[in-house]
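Let me begin by presenting the structure, written as structure tokens, before commenting on it.
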Amino acid sequence: MSESKKIEIYVDGDACPVKDEVLKVAERHKLTYHVVSNSWMRLTRSVFLNQVVVSDSFDAADDWIAENITGNDIAITSDIPLAERCVHAGAKVLKPNGKPFSDDNIGMAMAMRELTHQLDDMGKIKRYNAAFSKADRSNFLQGLEKAVQELKRG
């Protein structure tokens, strides 16, 4: 990791179920974390928290994250187009369930997203979001800790 830039965590905050877990890891490692959303939300206070409220225009939160994230940082998002932008910036990117997006899988994720939208628009499939489980939360904590450790090692 470059000594000129500390690791920072960027959270796509509007629908993120793991904000408290990000807080735990950020405080343990003394890392700044940005929770970016289109409206103010009640968050646990922390000296490491930077709450960013952007306009309610389409993709404003995604744009803010993509414009600020670097290769020394970590993004937390379920938004595949935002994940792609962050991966291309060199950042580590995690879904809230702890699964990483990477150069190796982001192309397939984008293709599957497009196919799913097309099939949904044609009425061929119905999409349901799986419930967020304790295992997802645990996997996320492990994934975030691993990402921080990898960035610290360089």
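Chain identifiers are assigned as A, B, and so on, following the order in which chains appear in the structure tokens; residues are numbered from 1 within each chain, and ligands are numbered from 1 in order of appearance.
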Which stretch 22-101 of chain A residues have any atom within 7 Å of an atom of stretch 3-18 of chain A, and for each, what is the nearest pair of atoms with distance in Å to one decimal, counting only C-alpha atoms, rows sorted by chain and number, as a tab-separated table?
residue	atom	partner	partner_atom	distance
A:Val22	CA	A:Val18	CA	6.3
A:Leu31	CA	A:Glu8	CA	5.9
A:Thr32	CA	A:Glu8	CA	5.2
A:Tyr33	CA	A:Ile9	CA	4.5
A:His34	CA	A:Tyr10	CA	4.9
A:Val35	CA	A:Val11	CA	4.8
A:Val36	CA	A:Gly13	CA	5.2
A:Ser37	CA	A:Gly13	CA	5.2
A:Ile65	CA	A:Tyr10	CA	6.6
A:Asn72	CA	A:Ile7	CA	5.3
A:Asp73	CA	A:Glu8	CA	4.9
A:Ile74	CA	A:Ile9	CA	4.8
A:Ala75	CA	A:Tyr10	CA	4.7
A:Ile76	CA	A:Val11	CA	4.8
A:Thr77	CA	A:Asp12	CA	5.3
A:Pro96	CA	A:Val18	CA	6.2
* Test item: residues at most 7 Å from stretch 101-115 of chain A, only C-alpha atoms, excluding those fewer than 2 positions along its chain, as an NGL selection string -> :A and (80 or 83-84 or 87 or 93-94 or 99 or 117-119)
* To do: Based on DSSP run over this structure's backbone, return all residues of chain A in strand (DSSP E), as a count of residues only.
  => 24
* Asked: Pick from A:Glu150, A:Ala61, A:Ala26, A:Gly98: nearest to A:Ser46, with only C-alpha atoms counted?
  -> A:Ala26
* atom CA of A:Glu27 to atom CA of A:Thr70, straight-line distance in Å ->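 For atom CA of A:Thr70 relative to atom CA of A:Glu27, the distance reads 20.3 Å.
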* Would you please extract all alpha helix (DSSP H) residues from stretch 16-137 of chain A, as assigned by DSSP on the backbone, and give them as a VMD selection string? => chain A and resid 19 to 29 60 to 68 80 to 88 106 to 121 134 to 137
* Asked: Can you tell me, as a PyMOL selection string, what residues are no more than 10 Å from A:Gln142 when counting only C-alpha atoms, ignoring any on the same chain fewer than 5 positions away?
  -> chain A and resi 25+97-99+136-137+147
For the residues in the current selection, export N, CA and C atoms as a short mmCIF file (atom, residue, chain, number, x, y, z; two decimals), in the first residue's frame.
data_model
loop_
_atom_site.label_atom_id
_atom_site.label_comp_id
_atom_site.auth_asym_id
_atom_site.auth_seq_id
_atom_site.Cartn_x
_atom_site.Cartn_y
_atom_site.Cartn_z
N VAL A 25 -15.13 -2.98 11.65
CA VAL A 25 -13.84 -3.20 11.00
C VAL A 25 -13.09 -1.87 10.86
N ASN A 97 -22.86 -9.63 1.16
CA ASN A 97 -22.77 -11.01 1.65
C ASN A 97 -21.32 -11.49 1.70
N GLY A 98 -20.38 -10.60 1.41
CA GLY A 98 -18.96 -10.94 1.52
C GLY A 98 -18.32 -11.43 0.24
N LYS A 99 -19.10 -11.72 -0.78
CA LYS A 99 -18.53 -12.20 -2.04
C LYS A 99 -17.89 -11.04 -2.79
N ASP A 136 -24.57 -14.64 5.91
CA ASP A 136 -24.15 -13.56 5.00
C ASP A 136 -23.38 -12.49 5.78
N ARG A 137 -23.90 -12.13 6.94
CA ARG A 137 -23.26 -11.11 7.78
C ARG A 137 -21.87 -11.58 8.22
N ALA A 147 -9.96 -8.30 2.92
CA ALA A 147 -9.64 -7.22 1.99
C ALA A 147 -8.74 -6.17 2.64
#
* Could you tell me which of A:Val47, A:Met41, A:Met122, A:Leu82 comes closest to A:Asp63 if we count only C-alpha atoms? =>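 Nearest candidate to A:Asp63 out of A:Val47, A:Met41, A:Met122, A:Leu82: A:Leu82.
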* To do: Fewer than 5 positions away in the same chain doesn't count, so skip those; otherwise give me all residues within 10 Å of A:Arg45, counting only C-alpha atoms, as a PyMOL selection string.
  => chain A and resi 23+50-51
C-alpha atoms of the current selection, written as a PDB file, in the first residue's frame:
ATOM      1  CA  LEU A  23     -18.098   0.359  11.498  1.00  0.00           C
ATOM      2  CA  ASN A  50     -17.825  10.464   6.825  1.00  0.00           C
ATOM      3  CA  GLN A  51     -21.514  10.556   5.988  1.00  0.00           C
TER       4      GLN A  51
END
* In Å, how far is it from atom CA of A:Ala135 to atom CA of A:Lys30? -> 25.3 Å
